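Asker: I have a structure here, written as structure tokens, and I will follow up with some questions on it.
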Amino acid sequence: MIEVEAAGATTVAVIAELHAACFAEAWDTAAIARLLAMPGAYALLALRDNDPIGFVIARQAADELEIVSLGVRPDARRIGAADALMRVTLARAAGAASCFLEVAESNAAARALYLKLGFAQAGRRPRYYGDQDALVLRLVL
């Protein structure tokens, strides 16, 4: 069973480790700490048997929620962690009218999750991820 809990200042190193396991261009603890110190920013952790397996970093400003980063360790994918993280994030978006995120066009698994949650393409950022385009997705809340 996947549990989702709020991440705090004490879990920045855990989020950095997860980010490094999920992405080739990982953010270090200082970058994550700076991001989480911004107004409206927060992070959630997904746990399986008290083991951190995934995270989401989100930021809400006025009526707009942005998913800044979402990742699940490769050895823990396809068990519902990303879905659980997104559902909790969206559920706590009080006052937000929409949610935005970017996803690599080649990331079929993530795109399928976002489609299932009701996101639709709102734009494209050419070569946003090096040589890959990012799709800008939007969900009306």
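Convention: chains lettered A, B, ... in structure tokens order; per-chain residue numbering from 1; ligands numbered from 1 as shown.
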Need to verify the contact set: range 111-120 of chain A, 6 Å, only C-alpha atoms, exclusion of same-chain residues closer than 6 positions in sequence. Can you return it as a list of chain:residue names?
Answerer: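 With the cut-off at 6 Å, the set is A:Leu137, A:Arg138, A:Leu139.
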Asker: Pick out the residues sitting within 12 Å of Ala110 in chain A, and hand them over as a PyMOL selection string; count only C-alpha atoms, and ignore anything fewer than 5 positions along from it in its own chain.
Answerer: chain A and resi 69-72+77-78+80-83+86+101-105+115-117+119+134-135+137
Asker: Kindly give the distance, in Å, that separates CA of Asp63 in chain A and CA of Val136 in chain A, rounded to a single decimal.
Answerer: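 Taking CA of Asp63 in chain A and CA of Val136 in chain A, their separation equals 17.4 Å.
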Asker: Hey, which of A:Val68, A:Ala37, A:Ile79, A:Ser106 ends up closest to Arg127 in chain A? Count only C-alpha atoms.
Answerer: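 Looking only at the distances to Arg127 in chain A, the closest residue turns out to be A:Ser106.
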Asker: Can you measure CA of Asp75 in chain A to CA of Ala6 in chain A for me? One decimal in Å is fine.
Answerer: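 Spanning CA of Asp75 in chain A to CA of Ala6 in chain A is a straight-line distance of 22.0 Å.
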Asker: Assign secondary structure with DSSP using the backbone only, and return the residues of range 4-123 of chain A in strand (DSSP E or B) as a CSV table (one decimal) with N, CA, C and O atoms, in the first residue's frame.
Answerer:
chain,number,residue,atom,x,y,z
A,4,VAL,N,1.0,8.6,1.4
A,4,VAL,CA,1.5,9.9,0.9
A,4,VAL,C,1.5,10.8,2.2
A,4,VAL,O,0.5,10.9,2.9
A,5,GLU,N,2.6,11.4,2.4
A,5,GLU,CA,2.7,12.4,3.5
A,5,GLU,C,3.5,13.6,3.1
A,5,GLU,O,4.2,13.6,2.2
A,6,ALA,N,3.2,14.7,3.9
A,6,ALA,CA,3.9,16.0,3.7
A,6,ALA,C,5.4,15.8,3.9
A,6,ALA,O,5.8,15.1,4.9
A,7,ALA,N,6.1,16.4,3.1
A,7,ALA,CA,7.6,16.4,3.2
A,7,ALA,C,8.0,17.8,3.8
A,7,ALA,O,7.4,18.8,3.5
A,41,ALA,N,5.1,26.9,-2.1
A,41,ALA,CA,5.7,25.6,-2.5
A,41,ALA,C,5.7,24.6,-1.4
A,41,ALA,O,5.7,24.9,-0.2
A,42,TYR,N,5.5,23.3,-1.8
A,42,TYR,CA,5.5,22.2,-0.9
A,42,TYR,C,5.9,20.9,-1.6
A,42,TYR,O,5.9,20.9,-2.8
A,43,ALA,N,6.2,19.9,-0.8
A,43,ALA,CA,6.5,18.6,-1.4
A,43,ALA,C,5.8,17.5,-0.6
A,43,ALA,O,5.5,17.7,0.6
A,44,LEU,N,5.5,16.5,-1.3
A,44,LEU,CA,4.9,15.3,-0.7
A,44,LEU,C,5.8,14.1,-1.0
A,44,LEU,O,6.4,14.0,-2.1
A,45,LEU,N,5.8,13.1,-0.1
A,45,LEU,CA,6.5,11.9,-0.3
A,45,LEU,C,5.6,10.7,-0.4
A,45,LEU,O,4.6,10.7,0.3
A,46,ALA,N,5.9,9.8,-1.3
A,46,ALA,CA,5.1,8.5,-1.4
A,46,ALA,C,6.0,7.5,-0.7
A,46,ALA,O,7.2,7.4,-0.9
A,47,LEU,N,5.4,6.7,0.2
A,47,LEU,CA,6.1,5.7,1.0
A,47,LEU,C,5.4,4.3,0.8
A,47,LEU,O,4.2,4.2,0.7
A,48,ARG,N,6.3,3.3,0.7
A,48,ARG,CA,5.8,1.9,0.7
A,48,ARG,C,6.5,1.2,1.8
A,48,ARG,O,7.8,1.2,1.8
A,51,ASP,N,9.2,3.2,3.3
A,51,ASP,CA,10.4,3.5,2.5
A,51,ASP,C,10.0,4.5,1.4
A,51,ASP,O,9.1,4.3,0.7
A,52,PRO,N,10.7,5.7,1.4
A,52,PRO,CA,10.4,6.7,0.4
A,52,PRO,C,10.6,6.2,-1.0
A,52,PRO,O,11.8,5.8,-1.3
A,53,ILE,N,9.6,6.2,-1.9
A,53,ILE,CA,9.8,5.7,-3.2
A,53,ILE,C,9.5,6.8,-4.3
A,53,ILE,O,9.8,6.6,-5.5
A,54,GLY,N,8.9,7.9,-3.9
A,54,GLY,CA,8.5,8.9,-4.8
A,54,GLY,C,8.2,10.3,-4.2
A,54,GLY,O,8.1,10.3,-2.9
A,55,PHE,N,8.1,11.3,-5.0
A,55,PHE,CA,7.9,12.6,-4.5
A,55,PHE,C,7.2,13.5,-5.5
A,55,PHE,O,7.2,13.2,-6.7
A,56,VAL,N,6.6,14.5,-5.0
A,56,VAL,CA,6.1,15.6,-5.9
A,56,VAL,C,6.4,16.9,-5.2
A,56,VAL,O,6.4,17.0,-4.0
A,57,ILE,N,6.9,17.8,-6.1
A,57,ILE,CA,7.1,19.2,-5.6
A,57,ILE,C,6.1,20.1,-6.4
A,57,ILE,O,6.0,20.0,-7.6
A,58,ALA,N,5.3,20.8,-5.6
A,58,ALA,CA,4.3,21.7,-6.2
A,58,ALA,C,4.4,23.1,-5.7
A,58,ALA,O,5.0,23.3,-4.7
A,59,ARG,N,3.8,24.0,-6.5
A,59,ARG,CA,3.8,25.4,-6.1
A,59,ARG,C,2.5,26.0,-6.5
A,59,ARG,O,2.0,25.9,-7.6
A,60,GLN,N,1.8,26.7,-5.5
A,60,GLN,CA,0.5,27.3,-5.8
A,60,GLN,C,0.7,28.8,-5.7
A,60,GLN,O,1.2,29.3,-4.6
A,61,ALA,N,0.3,29.6,-6.7
A,61,ALA,CA,0.3,31.0,-6.6
A,61,ALA,C,-1.1,31.4,-7.2
A,61,ALA,O,-1.5,31.1,-8.3
A,64,GLU,N,-3.5,29.3,-9.4
A,64,GLU,CA,-2.8,28.4,-10.3
A,64,GLU,C,-1.9,27.5,-9.5
A,64,GLU,O,-1.1,27.9,-8.7
A,65,LEU,N,-2.0,26.2,-9.8
A,65,LEU,CA,-1.1,25.2,-9.2
A,65,LEU,C,-0.2,24.7,-10.3
A,65,LEU,O,-0.6,24.4,-11.4
A,66,GLU,N,1.1,24.6,-9.9
A,66,GLU,CA,2.1,24.0,-10.8
A,66,GLU,C,2.8,22.8,-10.2
A,66,GLU,O,3.2,22.8,-9.1
A,67,ILE,N,2.8,21.8,-11.0
A,67,ILE,CA,3.6,20.6,-10.6
A,67,ILE,C,5.0,20.8,-11.1
A,67,ILE,O,5.3,20.8,-12.3
A,68,VAL,N,5.9,21.1,-10.2
A,68,VAL,CA,7.3,21.5,-10.5
A,68,VAL,C,8.1,20.2,-10.9
A,68,VAL,O,8.8,20.2,-11.9
A,69,SER,N,7.9,19.2,-10.1
A,69,SER,CA,8.6,17.9,-10.4
A,69,SER,C,7.9,16.8,-9.7
A,69,SER,O,7.4,16.9,-8.6
A,70,LEU,N,7.9,15.6,-10.4
A,70,LEU,CA,7.3,14.4,-9.9
A,70,LEU,C,8.1,13.3,-10.3
A,70,LEU,O,8.5,13.2,-11.5
A,71,GLY,N,8.5,12.4,-9.4
A,71,GLY,CA,9.3,11.2,-9.7
A,71,GLY,C,9.1,10.1,-8.8
A,71,GLY,O,8.7,10.2,-7.6
A,72,VAL,N,9.2,8.9,-9.4
A,72,VAL,CA,9.1,7.6,-8.6
A,72,VAL,C,10.4,6.8,-9.0
A,72,VAL,O,10.7,6.7,-10.1
A,98,SER,N,-6.8,26.0,-11.8
A,98,SER,CA,-6.1,25.1,-12.8
A,98,SER,C,-4.8,24.6,-12.3
A,98,SER,O,-4.2,25.2,-11.4
A,99,CYS,N,-4.3,23.6,-12.9
A,99,CYS,CA,-3.0,23.0,-12.6
A,99,CYS,C,-2.3,22.8,-13.9
A,99,CYS,O,-2.8,22.4,-14.9
A,100,PHE,N,-1.0,23.2,-13.9
A,100,PHE,CA,-0.1,23.1,-15.1
A,100,PHE,C,1.1,22.2,-14.7
A,100,PHE,O,1.5,22.2,-13.6
A,101,LEU,N,1.6,21.6,-15.8
A,101,LEU,CA,2.9,20.9,-15.6
A,101,LEU,C,3.5,20.7,-17.0
A,101,LEU,O,2.8,20.9,-18.0
A,102,GLU,N,4.8,20.4,-17.0
A,102,GLU,CA,5.5,20.0,-18.3
A,102,GLU,C,5.9,18.6,-18.2
A,102,GLU,O,6.3,18.1,-17.1
A,103,VAL,N,5.8,17.9,-19.3
A,103,VAL,CA,6.2,16.5,-19.4
A,103,VAL,C,6.9,16.3,-20.7
A,103,VAL,O,6.5,16.8,-21.8
A,104,ALA,N,8.0,15.5,-20.7
A,104,ALA,CA,8.7,15.1,-21.9
A,104,ALA,C,7.7,14.4,-22.9
A,104,ALA,O,7.0,13.5,-22.4
A,120,ALA,N,-5.1,18.0,-20.3
A,120,ALA,CA,-5.1,18.2,-21.7
A,120,ALA,C,-3.9,19.1,-22.2
A,120,ALA,O,-3.5,19.9,-21.4
A,121,GLN,N,-3.4,18.9,-23.4
A,121,GLN,CA,-2.3,19.7,-23.8
A,121,GLN,C,-2.7,21.1,-24.0
A,121,GLN,O,-3.7,21.4,-24.7
A,122,ALA,N,-1.9,22.0,-23.5
A,122,ALA,CA,-2.1,23.5,-23.6
A,122,ALA,C,-1.0,24.2,-24.4
A,122,ALA,O,-1.2,25.3,-24.7
A,123,GLY,N,0.1,23.5,-24.6
A,123,GLY,CA,1.2,24.1,-25.4
A,123,GLY,C,2.3,23.1,-25.5
A,123,GLY,O,2.2,21.9,-25.1
Asker: With distances taken over only C-alpha atoms, which of A:Ala33, A:Ala108, A:Met1, A:Ala93 is nearest to Ala13 in chain A?
Answerer: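 Of all the options, A:Ala33 lies closest to Ala13 in chain A.
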